Every structure is written in structure tokens, then in C-alpha cells.
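Novice: The following file, start_34.cif, comprises mmCIF, N, CA and C atoms:
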```cif
data_my_file
#
loop_
_atom_site.label_atom_id
_atom_site.label_comp_id
_atom_site.auth_asym_id
_atom_site.auth_seq_id
_atom_site.Cartn_x
_atom_site.Cartn_y
_atom_site.Cartn_z
N MET A 15 1.68 -6.55 -7.42
CA MET A 15 1.67 -5.57 -8.50
C MET A 15 3.05 -4.97 -8.59
N ARG A 16 3.57 -4.91 -9.75
CA ARG A 16 4.88 -4.29 -9.97
C ARG A 16 4.76 -3.28 -11.10
N LEU A 17 5.25 -2.07 -10.82
CA LEU A 17 5.22 -1.03 -11.83
C LEU A 17 6.49 -1.07 -12.66
N THR A 18 6.39 -0.65 -13.90
CA THR A 18 7.55 -0.62 -14.78
C THR A 18 8.49 0.51 -14.36
N SER A 19 9.72 0.44 -14.84
CA SER A 19 10.69 1.51 -14.59
C SER A 19 10.19 2.82 -15.17
N TYR A 20 9.49 2.74 -16.29
CA TYR A 20 8.97 3.94 -16.93
C TYR A 20 8.03 4.70 -15.97
N THR A 21 7.12 3.97 -15.34
CA THR A 21 6.20 4.58 -14.38
C THR A 21 6.95 5.08 -13.16
N ASP A 22 7.89 4.29 -12.68
CA ASP A 22 8.71 4.69 -11.53
C ASP A 22 9.43 6.01 -11.84
N TYR A 23 10.06 6.10 -12.98
CA TYR A 23 10.78 7.32 -13.36
C TYR A 23 9.82 8.50 -13.53
N SER A 24 8.64 8.23 -14.08
CA SER A 24 7.64 9.29 -14.24
C SER A 24 7.26 9.86 -12.88
N LEU A 25 7.02 8.98 -11.93
CA LEU A 25 6.65 9.42 -10.58
C LEU A 25 7.80 10.18 -9.93
N ARG A 26 9.02 9.70 -10.11
CA ARG A 26 10.19 10.39 -9.53
C ARG A 26 10.36 11.80 -10.11
N VAL A 27 10.16 11.94 -11.42
CA VAL A 27 10.27 13.26 -12.05
C VAL A 27 9.22 14.20 -11.46
N LEU A 28 8.00 13.71 -11.33
CA LEU A 28 6.94 14.55 -10.77
C LEU A 28 7.25 14.94 -9.31
N ILE A 29 7.78 14.00 -8.55
CA ILE A 29 8.15 14.30 -7.16
C ILE A 29 9.25 15.36 -7.14
N TYR A 30 10.26 15.17 -7.97
CA TYR A 30 11.36 16.13 -8.02
C TYR A 30 10.85 17.52 -8.37
N LEU A 31 10.05 17.59 -9.41
CA LEU A 31 9.52 18.89 -9.83
C LEU A 31 8.56 19.47 -8.80
N GLY A 32 7.86 18.59 -8.10
CA GLY A 32 6.94 19.04 -7.06
C GLY A 32 7.63 19.66 -5.87
N THR A 33 8.87 19.25 -5.63
CA THR A 33 9.63 19.83 -4.52
C THR A 33 10.31 21.14 -4.91
N ASN A 34 10.25 21.49 -6.18
CA ASN A 34 10.87 22.71 -6.69
C ASN A 34 9.94 23.89 -6.42
N THR A 35 10.06 24.45 -5.26
CA THR A 35 9.18 25.56 -4.87
C THR A 35 9.75 26.92 -5.28
N GLU A 36 10.94 26.92 -5.85
CA GLU A 36 11.59 28.19 -6.21
C GLU A 36 11.18 28.69 -7.59
N GLU A 37 10.34 27.93 -8.29
CA GLU A 37 9.88 28.31 -9.62
C GLU A 37 11.00 28.37 -10.65
N LYS A 38 12.18 27.85 -10.32
CA LYS A 38 13.24 27.81 -11.32
C LYS A 38 13.03 26.59 -12.21
N LEU A 39 13.54 26.69 -13.42
CA LEU A 39 13.44 25.57 -14.33
C LEU A 39 14.47 24.52 -13.95
N VAL A 40 14.09 23.28 -14.06
CA VAL A 40 14.96 22.15 -13.73
C VAL A 40 15.35 21.48 -15.04
N ASN A 41 16.60 21.03 -15.17
CA ASN A 41 16.99 20.36 -16.41
C ASN A 41 17.09 18.85 -16.21
N ILE A 42 17.10 18.15 -17.32
CA ILE A 42 17.13 16.68 -17.30
C ILE A 42 18.39 16.18 -16.59
N LYS A 43 19.51 16.82 -16.85
CA LYS A 43 20.77 16.39 -16.25
C LYS A 43 20.68 16.39 -14.73
N GLU A 44 20.07 17.42 -14.18
CA GLU A 44 19.93 17.54 -12.73
C GLU A 44 19.14 16.36 -12.15
N ILE A 45 18.03 16.03 -12.79
CA ILE A 45 17.20 14.91 -12.32
C ILE A 45 17.94 13.59 -12.51
N ALA A 46 18.57 13.41 -13.66
CA ALA A 46 19.30 12.18 -13.96
C ALA A 46 20.40 11.93 -12.94
N GLU A 47 21.15 12.98 -12.62
CA GLU A 47 22.24 12.82 -11.66
C GLU A 47 21.72 12.58 -10.24
N THR A 48 20.65 13.25 -9.89
CA THR A 48 20.09 13.08 -8.56
C THR A 48 19.62 11.65 -8.33
N TYR A 49 18.93 11.09 -9.30
CA TYR A 49 18.38 9.74 -9.15
C TYR A 49 19.28 8.65 -9.73
N SER A 50 20.43 9.04 -10.30
CA SER A 50 21.32 8.07 -10.97
C SER A 50 20.57 7.28 -12.05
N ILE A 51 19.88 8.03 -12.89
CA ILE A 51 19.11 7.46 -14.00
C ILE A 51 19.69 8.02 -15.30
N SER A 52 19.73 7.21 -16.32
CA SER A 52 20.21 7.62 -17.63
C SER A 52 19.40 8.79 -18.17
N LYS A 53 20.10 9.80 -18.71
CA LYS A 53 19.40 10.94 -19.33
C LYS A 53 18.53 10.46 -20.49
N ASN A 54 19.01 9.47 -21.23
CA ASN A 54 18.25 8.95 -22.36
C ASN A 54 16.91 8.37 -21.92
N HIS A 55 16.91 7.64 -20.79
CA HIS A 55 15.66 7.09 -20.27
C HIS A 55 14.70 8.22 -19.88
N LEU A 56 15.26 9.24 -19.24
CA LEU A 56 14.43 10.35 -18.77
C LEU A 56 13.86 11.20 -19.89
N MET A 57 14.56 11.29 -21.00
CA MET A 57 14.09 12.14 -22.10
C MET A 57 12.71 11.69 -22.59
N LYS A 58 12.53 10.39 -22.76
CA LYS A 58 11.24 9.87 -23.21
C LYS A 58 10.17 10.10 -22.14
N VAL A 59 10.52 9.86 -20.89
CA VAL A 59 9.59 10.06 -19.78
C VAL A 59 9.13 11.52 -19.74
N ILE A 60 10.08 12.43 -19.82
CA ILE A 60 9.77 13.86 -19.74
C ILE A 60 8.95 14.32 -20.94
N TYR A 61 9.31 13.83 -22.11
CA TYR A 61 8.55 14.17 -23.31
C TYR A 61 7.08 13.76 -23.13
N ASN A 62 6.85 12.55 -22.66
CA ASN A 62 5.48 12.06 -22.51
C ASN A 62 4.75 12.74 -21.36
N LEU A 63 5.43 13.06 -20.28
CA LEU A 63 4.78 13.80 -19.20
C LEU A 63 4.34 15.17 -19.69
N GLY A 64 5.13 15.75 -20.59
CA GLY A 64 4.75 17.02 -21.20
C GLY A 64 3.53 16.87 -22.09
N LYS A 65 3.50 15.81 -22.90
CA LYS A 65 2.36 15.56 -23.78
C LYS A 65 1.08 15.33 -22.96
N MET A 66 1.23 14.73 -21.79
CA MET A 66 0.07 14.46 -20.93
C MET A 66 -0.38 15.70 -20.16
N GLY A 67 0.43 16.75 -20.21
CA GLY A 67 0.06 17.99 -19.55
C GLY A 67 0.51 18.14 -18.11
N TYR A 68 1.30 17.20 -17.63
CA TYR A 68 1.77 17.27 -16.24
C TYR A 68 2.93 18.24 -16.06
N ILE A 69 3.77 18.33 -17.09
CA ILE A 69 4.91 19.24 -16.98
C ILE A 69 4.97 20.16 -18.18
N GLU A 70 5.64 21.27 -17.97
CA GLU A 70 5.85 22.26 -19.02
C GLU A 70 7.35 22.30 -19.30
N THR A 71 7.72 22.23 -20.56
CA THR A 71 9.13 22.29 -20.92
C THR A 71 9.41 23.58 -21.67
N VAL A 72 10.59 24.12 -21.42
CA VAL A 72 11.03 25.35 -22.07
C VAL A 72 12.35 25.03 -22.76
N ARG A 73 12.39 25.22 -24.06
CA ARG A 73 13.61 24.93 -24.83
C ARG A 73 14.60 26.08 -24.73
N GLY A 74 15.83 25.79 -25.11
CA GLY A 74 16.84 26.84 -25.17
C GLY A 74 17.92 26.67 -24.13
N ARG A 75 18.88 27.56 -24.20
CA ARG A 75 20.06 27.49 -23.34
C ARG A 75 19.70 27.50 -21.86
N ASN A 76 18.77 28.33 -21.47
CA ASN A 76 18.35 28.41 -20.08
C ASN A 76 17.03 27.68 -19.86
N GLY A 77 16.75 26.73 -20.73
CA GLY A 77 15.49 26.00 -20.67
C GLY A 77 15.49 24.96 -19.55
N GLY A 78 14.42 24.27 -19.51
CA GLY A 78 14.24 23.23 -18.50
C GLY A 78 12.78 22.87 -18.40
N MET A 79 12.38 22.43 -17.22
CA MET A 79 10.99 22.03 -17.04
C MET A 79 10.51 22.37 -15.65
N ARG A 80 9.19 22.38 -15.51
CA ARG A 80 8.53 22.59 -14.22
C ARG A 80 7.15 21.95 -14.32
N LEU A 81 6.51 21.80 -13.19
CA LEU A 81 5.15 21.27 -13.21
C LEU A 81 4.24 22.23 -13.96
N ALA A 82 3.33 21.70 -14.73
CA ALA A 82 2.36 22.51 -15.45
C ALA A 82 1.05 22.59 -14.68
N MET A 83 0.97 21.83 -13.61
CA MET A 83 -0.26 21.77 -12.82
C MET A 83 0.09 21.91 -11.34
N ASN A 84 -0.89 22.27 -10.58
CA ASN A 84 -0.74 22.28 -9.13
C ASN A 84 -0.60 20.82 -8.67
N PRO A 85 0.31 20.53 -7.74
CA PRO A 85 0.46 19.13 -7.27
C PRO A 85 -0.84 18.50 -6.77
N ALA A 86 -1.76 19.31 -6.27
CA ALA A 86 -3.04 18.79 -5.78
C ALA A 86 -3.93 18.30 -6.93
N GLU A 87 -3.60 18.69 -8.16
CA GLU A 87 -4.39 18.28 -9.32
C GLU A 87 -3.83 17.05 -10.03
N ILE A 88 -2.69 16.56 -9.56
CA ILE A 88 -2.05 15.41 -10.21
C ILE A 88 -2.36 14.16 -9.39
N ASN A 89 -3.28 13.36 -9.91
CA ASN A 89 -3.74 12.16 -9.22
C ASN A 89 -2.80 10.99 -9.50
N MET A 90 -2.37 10.32 -8.45
CA MET A 90 -1.41 9.22 -8.59
C MET A 90 -1.97 8.05 -9.40
N GLY A 91 -3.22 7.71 -9.19
CA GLY A 91 -3.83 6.62 -9.96
C GLY A 91 -3.87 6.94 -11.44
N GLU A 92 -4.19 8.18 -11.76
CA GLU A 92 -4.24 8.59 -13.16
C GLU A 92 -2.87 8.52 -13.81
N VAL A 93 -1.84 8.97 -13.09
CA VAL A 93 -0.48 8.92 -13.63
C VAL A 93 -0.08 7.48 -13.91
N VAL A 94 -0.36 6.59 -12.98
CA VAL A 94 0.00 5.18 -13.16
C VAL A 94 -0.76 4.58 -14.35
N ARG A 95 -2.03 4.88 -14.45
CA ARG A 95 -2.81 4.36 -15.60
C ARG A 95 -2.25 4.85 -16.93
N LYS A 96 -1.82 6.11 -16.96
CA LYS A 96 -1.32 6.69 -18.21
C LYS A 96 0.10 6.26 -18.55
N THR A 97 0.87 5.79 -17.58
CA THR A 97 2.26 5.45 -17.85
C THR A 97 2.52 3.94 -17.93
N GLU A 98 1.62 3.15 -17.44
CA GLU A 98 1.77 1.70 -17.55
C GLU A 98 1.23 1.24 -18.90
N GLU A 99 1.96 0.36 -19.57
CA GLU A 99 1.51 -0.13 -20.87
C GLU A 99 0.31 -1.06 -20.74
N ASP A 100 0.33 -1.90 -19.74
CA ASP A 100 -0.80 -2.81 -19.54
C ASP A 100 -0.82 -3.25 -18.08
N PHE A 101 -1.91 -3.85 -17.72
CA PHE A 101 -2.06 -4.38 -16.37
C PHE A 101 -2.33 -5.88 -16.42
N TYR A 102 -1.69 -6.55 -17.37
CA TYR A 102 -1.86 -7.99 -17.50
C TYR A 102 -1.01 -8.67 -16.43
N LEU A 103 -1.64 -8.97 -15.31
CA LEU A 103 -0.91 -9.59 -14.21
C LEU A 103 -0.56 -11.04 -14.52
N VAL A 104 -1.43 -11.71 -15.22
CA VAL A 104 -1.20 -13.09 -15.62
C VAL A 104 -1.69 -13.26 -17.06
N GLU A 105 -1.32 -14.36 -17.68
CA GLU A 105 -1.62 -14.59 -19.09
C GLU A 105 -3.11 -14.47 -19.40
N CYS A 106 -3.97 -14.92 -18.50
CA CYS A 106 -5.40 -14.95 -18.83
C CYS A 106 -6.03 -13.55 -18.87
N PHE A 107 -5.29 -12.51 -18.49
CA PHE A 107 -5.79 -11.14 -18.64
C PHE A 107 -5.77 -10.71 -20.10
N GLU A 108 -4.96 -11.37 -20.90
CA GLU A 108 -4.84 -11.03 -22.32
C GLU A 108 -5.81 -11.88 -23.13
N SER A 109 -6.22 -11.34 -24.28
CA SER A 109 -7.07 -12.16 -25.16
C SER A 109 -6.19 -13.24 -25.78
N GLY A 110 -6.78 -14.35 -26.05
CA GLY A 110 -6.05 -15.46 -26.65
C GLY A 110 -5.23 -16.25 -25.66
N SER A 111 -5.64 -16.25 -24.41
CA SER A 111 -4.91 -17.00 -23.38
C SER A 111 -4.85 -18.48 -23.75
N LYS A 112 -3.69 -19.06 -23.54
CA LYS A 112 -3.50 -20.48 -23.85
C LYS A 112 -3.64 -21.36 -22.62
N CYS A 113 -3.93 -20.76 -21.48
CA CYS A 113 -4.09 -21.54 -20.25
C CYS A 113 -5.38 -22.36 -20.35
N VAL A 114 -5.27 -23.65 -20.13
CA VAL A 114 -6.41 -24.55 -20.32
C VAL A 114 -7.51 -24.36 -19.28
N ILE A 115 -7.20 -23.80 -18.12
CA ILE A 115 -8.23 -23.66 -17.08
C ILE A 115 -8.90 -22.28 -17.08
N THR A 116 -8.52 -21.41 -18.00
CA THR A 116 -9.07 -20.05 -18.04
C THR A 116 -10.59 -20.01 -17.94
N PRO A 117 -11.32 -20.87 -18.66
CA PRO A 117 -12.79 -20.78 -18.60
C PRO A 117 -13.39 -21.05 -17.22
N VAL A 118 -12.68 -21.78 -16.37
CA VAL A 118 -13.26 -22.17 -15.07
C VAL A 118 -12.44 -21.67 -13.87
N CYS A 119 -11.38 -20.94 -14.12
CA CYS A 119 -10.49 -20.52 -13.04
C CYS A 119 -10.98 -19.23 -12.39
N SER A 120 -10.93 -19.19 -11.08
CA SER A 120 -11.35 -17.99 -10.33
C SER A 120 -10.20 -17.02 -10.10
N LEU A 121 -8.99 -17.46 -10.35
CA LEU A 121 -7.83 -16.62 -10.05
C LEU A 121 -7.87 -15.30 -10.81
N LYS A 122 -8.28 -15.34 -12.08
CA LYS A 122 -8.33 -14.11 -12.87
C LYS A 122 -9.22 -13.07 -12.19
N HIS A 123 -10.36 -13.49 -11.69
CA HIS A 123 -11.29 -12.57 -11.05
C HIS A 123 -10.73 -12.04 -9.72
N ILE A 124 -10.05 -12.89 -9.00
CA ILE A 124 -9.45 -12.48 -7.72
C ILE A 124 -8.34 -11.47 -7.98
N LEU A 125 -7.47 -11.75 -8.95
CA LEU A 125 -6.39 -10.82 -9.28
C LEU A 125 -6.93 -9.51 -9.84
N ASN A 126 -8.01 -9.58 -10.61
CA ASN A 126 -8.62 -8.36 -11.14
C ASN A 126 -9.18 -7.51 -10.00
N GLU A 127 -9.78 -8.14 -9.02
CA GLU A 127 -10.28 -7.41 -7.85
C GLU A 127 -9.13 -6.77 -7.09
N ALA A 128 -8.03 -7.49 -6.94
CA ALA A 128 -6.85 -6.95 -6.26
C ALA A 128 -6.29 -5.76 -7.03
N LEU A 129 -6.23 -5.86 -8.33
CA LEU A 129 -5.75 -4.76 -9.16
C LEU A 129 -6.65 -3.54 -9.01
N ASN A 130 -7.96 -3.76 -9.02
CA ASN A 130 -8.90 -2.66 -8.85
C ASN A 130 -8.73 -1.99 -7.49
N GLN A 131 -8.47 -2.77 -6.45
CA GLN A 131 -8.23 -2.20 -5.12
C GLN A 131 -6.93 -1.40 -5.10
N PHE A 132 -5.91 -1.93 -5.73
CA PHE A 132 -4.61 -1.24 -5.84
C PHE A 132 -4.81 0.14 -6.47
N MET A 133 -5.52 0.16 -7.60
CA MET A 133 -5.74 1.42 -8.29
C MET A 133 -6.65 2.35 -7.49
N SER A 134 -7.60 1.78 -6.79
CA SER A 134 -8.50 2.57 -5.96
C SER A 134 -7.73 3.31 -4.86
N VAL A 135 -6.75 2.65 -4.28
CA VAL A 135 -5.92 3.30 -3.26
C VAL A 135 -5.12 4.43 -3.89
N LEU A 136 -4.48 4.18 -5.04
CA LEU A 136 -3.72 5.22 -5.71
C LEU A 136 -4.60 6.42 -6.08
N ASP A 137 -5.85 6.15 -6.44
CA ASP A 137 -6.77 7.22 -6.81
C ASP A 137 -7.07 8.17 -5.64
N GLN A 138 -6.81 7.74 -4.43
CA GLN A 138 -7.08 8.55 -3.24
C GLN A 138 -5.98 9.58 -2.97
N TYR A 139 -4.87 9.51 -3.73
CA TYR A 139 -3.72 10.37 -3.45
C TYR A 139 -3.34 11.23 -4.64
N THR A 140 -2.80 12.40 -4.31
CA THR A 140 -2.30 13.31 -5.33
C THR A 140 -0.80 13.50 -5.10
N LEU A 141 -0.17 14.18 -6.05
CA LEU A 141 1.25 14.51 -5.89
C LEU A 141 1.45 15.35 -4.63
N GLU A 142 0.50 16.19 -4.32
CA GLU A 142 0.60 17.01 -3.11
C GLU A 142 0.72 16.13 -1.86
N ASP A 143 -0.02 15.03 -1.81
CA ASP A 143 0.09 14.10 -0.68
C ASP A 143 1.48 13.49 -0.61
N VAL A 144 2.03 13.16 -1.77
CA VAL A 144 3.34 12.51 -1.83
C VAL A 144 4.45 13.45 -1.39
N ILE A 145 4.33 14.73 -1.72
CA ILE A 145 5.40 15.69 -1.41
C ILE A 145 5.11 16.51 -0.15
N GLN A 146 4.18 16.07 0.67
CA GLN A 146 3.84 16.85 1.85
C GLN A 146 5.02 17.01 2.80
N ASN A 147 5.99 16.11 2.75
CA ASN A 147 7.22 16.25 3.54
C ASN A 147 8.30 16.89 2.68
N ASN A 148 7.92 17.95 1.99
CA ASN A 148 8.75 18.65 1.02
C ASN A 148 10.14 19.00 1.56
N VAL A 149 10.21 19.46 2.78
CA VAL A 149 11.50 19.87 3.35
C VAL A 149 12.45 18.69 3.42
N LEU A 150 11.97 17.55 3.91
CA LEU A 150 12.82 16.35 4.00
C LEU A 150 13.18 15.84 2.61
N LEU A 151 12.22 15.82 1.71
CA LEU A 151 12.51 15.38 0.34
C LEU A 151 13.60 16.23 -0.28
N LYS A 152 13.50 17.54 -0.13
CA LYS A 152 14.50 18.45 -0.70
C LYS A 152 15.87 18.18 -0.10
N GLN A 153 15.91 17.89 1.21
CA GLN A 153 17.19 17.58 1.85
C GLN A 153 17.81 16.33 1.24
N TYR A 154 17.02 15.29 1.08
CA TYR A 154 17.54 14.05 0.50
C TYR A 154 17.95 14.25 -0.95
N LEU A 155 17.15 14.98 -1.70
CA LEU A 155 17.49 15.22 -3.10
C LEU A 155 18.75 16.07 -3.23
N SER A 156 18.93 17.05 -2.38
CA SER A 156 20.12 17.91 -2.47
C SER A 156 21.37 17.19 -1.97
N VAL A 157 21.24 16.30 -0.98
CA VAL A 157 22.38 15.50 -0.53
C VAL A 157 22.86 14.61 -1.66
N LYS A 158 21.93 14.01 -2.35
CA LYS A 158 22.27 13.13 -3.49
C LYS A 158 22.95 13.95 -4.58
N GLN A 159 22.47 15.15 -4.84
CA GLN A 159 23.07 15.99 -5.86
C GLN A 159 24.50 16.37 -5.50
N SER A 160 24.74 16.65 -4.24
CA SER A 160 26.09 17.10 -3.85
C SER A 160 27.10 15.96 -3.83
N THR A 161 26.61 14.71 -3.82
CA THR A 161 27.55 13.57 -3.84
C THR A 161 27.80 13.06 -5.25
N VAL A 162 27.08 13.59 -6.23
CA VAL A 162 27.24 13.13 -7.62
C VAL A 162 28.45 13.76 -8.24
#
```
Mind turning the file's structure into C-alpha cells?
Specialist:
Amino acid sequence: MRLTSYTDYSLRVLIYLGTNTEEKLVNIKEIAETYSISKNHLMKVIYNLGKMGYIETVRGRNGGMRLAMNPAEINMGEVVRKTEEDFYLVECFESGSKCVITPVCSLKHILNEALNQFMSVLDQYTLEDVIQNNVLLKQYLSVKQSTV
């Protein structure tokens, strides 16, 4: 299973905001520089995370963003489901498959079971679980910021 960059960036933004225990607003530039990610890529991610209710954005000169929910309420499986466009691991997951063995092949069912297990594991974790080593995460994030 491979997640898209969009989902990866979404998870990184949530982790970054989850380590922000000072209640200060964080700006896109700060996250982009910390992770060495394009601000343009992050703008779409942040906009959609806001639409999904995970983050709150404040416009203006001193604006920025913060988590809109408690980290314990942000389920990792749910975030991945909402940020991935599809879970078509192989062609036969899509309608109109041109693979000649699709009607008799067991691989689709095996891969579907694996995908369900993958998502089941993610469903067991929240953002709070991911950021439980908050002190170490903040150290790594601040070291990266100071070298940018």
C-alpha cells in the first residue's frame, strides 16, 4: 500500500499542528520550511483539512491555523480515507477492468482483504497516539526549522 503525497502532507500538517501546545497560530510558511514542502502544495492540503473540520484557519496579518479538534478525536484511518482519491491497488479494482482473468482471479479478493486489514490498523490510532512523543517531535521539528 502506498499513500499519495497529498495524504502524506495532510498527516504531516496534522502532526505539526498537534505538537503545537502553545495555542499559537501556525502559518503555512513555517510548515513548508520545516518539512521542505512547497507552499503551493500545502495550500490545497490545508484548505481541504479545514473543510473537513480538522483544522481551523484564521485569515489576516497575524493569521494562521491550529487544530480544530482534540488530537484524540482525529482518527488516522478516517484521515487516510478522506485524503486518498482511491484505493485501486490493481486494475481489477476499477470497473471496466480489461484484465482477461478478472472473473476467475483470486488476487483481487486477497488484495482487498489486505487493504481492509491496513485500514483496520489505521482505525485503531488517533493523532494523539502519533504525537505521544510530543517532546521529541518538537525537538526534531525545531531543529529542522533552525537549519532552514
Novice: Which polymer residues, whether protein, DNA or RNA, lie within 5 Å of the coordinate (4.7, 22.0, -16.4) when you count only N, CA and C atoms? List them as a PyMOL selection string, using the chain letters and numbers from the file.
Specialist: chain A and resi 68-70+80-83
Novice: Can you tell me which residues surround range 22-27 of chain A at a distance of at most 7 Å, considering all atoms listed in the file, apart from same-chain residues fewer than 5 positions away, and format the answer as a list in words?
Specialist: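 Neighbouring residues, sequence-local ones excluded: Leu17, Gly32, Val59 and Ile60 of chain A.
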Novice: May I have all residues of range 64-120 of chain A that DSSP, computed from the backbone, assigns to strand (DSSP E), given as a list in words?
Specialist: Ile69, Glu70, Thr71, Val72, Gly78, Met79, Arg80 and Leu81 of chain A
Novice: Mind dumping a table of every range 51-136 of chain A residue within 8 Å of range 140-144 of chain A, with the nearest atom pair and its distance in Å to one decimal, using only N, CA and C atoms, sorted by chain and rising number, as a Markdown table?
Specialist:
```
| residue | atom | partner | partner_atom | distance |
| --- | --- | --- | --- | --- |
| A:Asn84 | C | A:Glu142 | N | 6.4 |
| A:Pro85 | C | A:Glu142 | N | 3.6 |
| A:Ala86 | N | A:Glu142 | N | 4.3 |
| A:Glu87 | N | A:Leu141 | N | 6.0 |
| A:Ile88 | C | A:Leu141 | N | 4.0 |
| A:Asn89 | CA | A:Thr140 | CA | 4.3 |
| A:Met90 | N | A:Thr140 | CA | 4.3 |
| A:Gly91 | N | A:Thr140 | N | 6.8 |
| A:Leu136 | C | A:Thr140 | N | 6.5 |
```
Novice: From a DSSP calculation on the backbone, collect every residue of chain A in helix (DSSP H, G or I) and output the set as a VMD selection string.
Specialist: chain A and resid 19 to 32 42 to 49 53 to 65 85 to 87 90 to 97 105 to 107 121 to 137 141 to 144 148 to 161
Novice: Between CA of Tyr139 in chain A and CA of Lys65 in chain A, what is the spacing in Å?
Specialist: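 Going from CA of Lys65 in chain A over to CA of Tyr139 in chain A covers 21.8 Å.
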Novice: Report, in Å to a single decimal, how far apart atom N of Thr97 in chain A and atom C of Arg16 in chain A are.
Specialist: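 Those two atoms sit 11.8 Å apart.
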Novice: Just want the 7 Å neighbourhood of Lys53 in chain A, counted on only N, CA and C atoms, with same-chain residues fewer than 6 positions away dropped. Output as a CSV table (one decimal) with N, CA and C atoms, keeping the file's coordinate frame.
Specialist:
```csv
chain,number,residue,atom,x,y,z
A,42,ILE,N,17.1,18.2,-17.3
A,42,ILE,CA,17.1,16.7,-17.3
A,42,ILE,C,18.4,16.2,-16.6
A,43,LYS,N,19.5,16.8,-16.8
A,43,LYS,CA,20.8,16.4,-16.2
A,43,LYS,C,20.7,16.4,-14.7
A,46,ALA,N,18.6,13.4,-13.7
A,46,ALA,CA,19.3,12.2,-14.0
A,46,ALA,C,20.4,11.9,-12.9
A,47,GLU,N,21.2,13.0,-12.6
A,47,GLU,CA,22.2,12.8,-11.7
A,47,GLU,C,21.7,12.6,-10.2
```
Novice: In Å to one decimal, how far is atom N of Lys112 in chain A from atom C of Val93 in chain A?
Specialist: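 Result for atom C of Val93 in chain A versus atom N of Lys112 in chain A: 28.5 Å, one decimal.
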Novice: Quick check on the file I pasted: which residues fall under the PyMOL selection byres ((chain A and resi 99-109) around 8)? Write them as number ranges by chain.
Specialist: A: 15-16, 18, 21, 94-98, 110-113, 116, 122, 125-126
Novice: Keeping N, CA and C atoms, export the residues of the selection given above as a PDB file, keeping the file's coordinate frame.
Specialist:
```
ATOM      1  N   MET A  15       1.680  -6.550  -7.420  1.00  0.00           N
ATOM      2  CA  MET A  15       1.670  -5.570  -8.500  1.00  0.00           C
ATOM      3  C   MET A  15       3.050  -4.970  -8.590  1.00  0.00           C
ATOM      4  N   ARG A  16       3.570  -4.910  -9.750  1.00  0.00           N
ATOM      5  CA  ARG A  16       4.880  -4.290  -9.970  1.00  0.00           C
ATOM      6  C   ARG A  16       4.760  -3.280 -11.100  1.00  0.00           C
ATOM      7  N   THR A  18       6.390  -0.650 -13.900  1.00  0.00           N
ATOM      8  CA  THR A  18       7.550  -0.620 -14.780  1.00  0.00           C
ATOM      9  C   THR A  18       8.490   0.510 -14.360  1.00  0.00           C
ATOM     10  N   THR A  21       7.120   3.970 -15.340  1.00  0.00           N
ATOM     11  CA  THR A  21       6.200   4.580 -14.380  1.00  0.00           C
ATOM     12  C   THR A  21       6.950   5.080 -13.160  1.00  0.00           C
ATOM     13  N   VAL A  94      -0.360   6.590 -12.980  1.00  0.00           N
ATOM     14  CA  VAL A  94       0.000   5.180 -13.160  1.00  0.00           C
ATOM     15  C   VAL A  94      -0.760   4.580 -14.350  1.00  0.00           C
ATOM     16  N   ARG A  95      -2.030   4.880 -14.450  1.00  0.00           N
ATOM     17  CA  ARG A  95      -2.810   4.360 -15.600  1.00  0.00           C
ATOM     18  C   ARG A  95      -2.250   4.850 -16.930  1.00  0.00           C
ATOM     19  N   LYS A  96      -1.820   6.110 -16.960  1.00  0.00           N
ATOM     20  CA  LYS A  96      -1.320   6.690 -18.210  1.00  0.00           C
ATOM     21  C   LYS A  96       0.100   6.260 -18.550  1.00  0.00           C
ATOM     22  N   THR A  97       0.870   5.790 -17.580  1.00  0.00           N
ATOM     23  CA  THR A  97       2.260   5.450 -17.850  1.00  0.00           C
ATOM     24  C   THR A  97       2.520   3.940 -17.930  1.00  0.00           C
ATOM     25  N   GLU A  98       1.620   3.150 -17.440  1.00  0.00           N
ATOM     26  CA  GLU A  98       1.770   1.700 -17.550  1.00  0.00           C
ATOM     27  C   GLU A  98       1.230   1.240 -18.900  1.00  0.00           C
ATOM     28  N   GLY A 110      -6.780 -14.350 -26.050  1.00  0.00           N
ATOM     29  CA  GLY A 110      -6.050 -15.460 -26.650  1.00  0.00           C
ATOM     30  C   GLY A 110      -5.230 -16.250 -25.660  1.00  0.00           C
ATOM     31  N   SER A 111      -5.640 -16.250 -24.410  1.00  0.00           N
ATOM     32  CA  SER A 111      -4.910 -17.000 -23.380  1.00  0.00           C
ATOM     33  C   SER A 111      -4.850 -18.480 -23.750  1.00  0.00           C
ATOM     34  N   LYS A 112      -3.690 -19.060 -23.540  1.00  0.00           N
ATOM     35  CA  LYS A 112      -3.500 -20.480 -23.850  1.00  0.00           C
ATOM     36  C   LYS A 112      -3.640 -21.360 -22.620  1.00  0.00           C
ATOM     37  N   CYS A 113      -3.930 -20.760 -21.480  1.00  0.00           N
ATOM     38  CA  CYS A 113      -4.090 -21.540 -20.250  1.00  0.00           C
ATOM     39  C   CYS A 113      -5.380 -22.360 -20.350  1.00  0.00           C
ATOM     40  N   THR A 116      -8.520 -21.410 -18.000  1.00  0.00           N
ATOM     41  CA  THR A 116      -9.070 -20.050 -18.040  1.00  0.00           C
ATOM     42  C   THR A 116     -10.590 -20.010 -17.940  1.00  0.00           C
ATOM     43  N   LYS A 122      -8.280 -15.340 -12.080  1.00  0.00           N
ATOM     44  CA  LYS A 122      -8.330 -14.110 -12.870  1.00  0.00           C
ATOM     45  C   LYS A 122      -9.220 -13.070 -12.190  1.00  0.00           C
ATOM     46  N   LEU A 125      -7.470 -11.750  -8.950  1.00  0.00           N
ATOM     47  CA  LEU A 125      -6.390 -10.820  -9.280  1.00  0.00           C
ATOM     48  C   LEU A 125      -6.930  -9.510  -9.840  1.00  0.00           C
ATOM     49  N   ASN A 126      -8.010  -9.580 -10.610  1.00  0.00           N
ATOM     50  CA  ASN A 126      -8.620  -8.360 -11.140  1.00  0.00           C
ATOM     51  C   ASN A 126      -9.180  -7.510 -10.000  1.00  0.00           C
TER      52      ASN A 126
END
```
Novice: Here's the selection I'm unsure about, the PyMOL selection byres ((chain A and resi 38) around 8); applied to the file above, which residues does it give, as number ranges by chain?
Specialist: A: 34-37, 39-41, 77-80
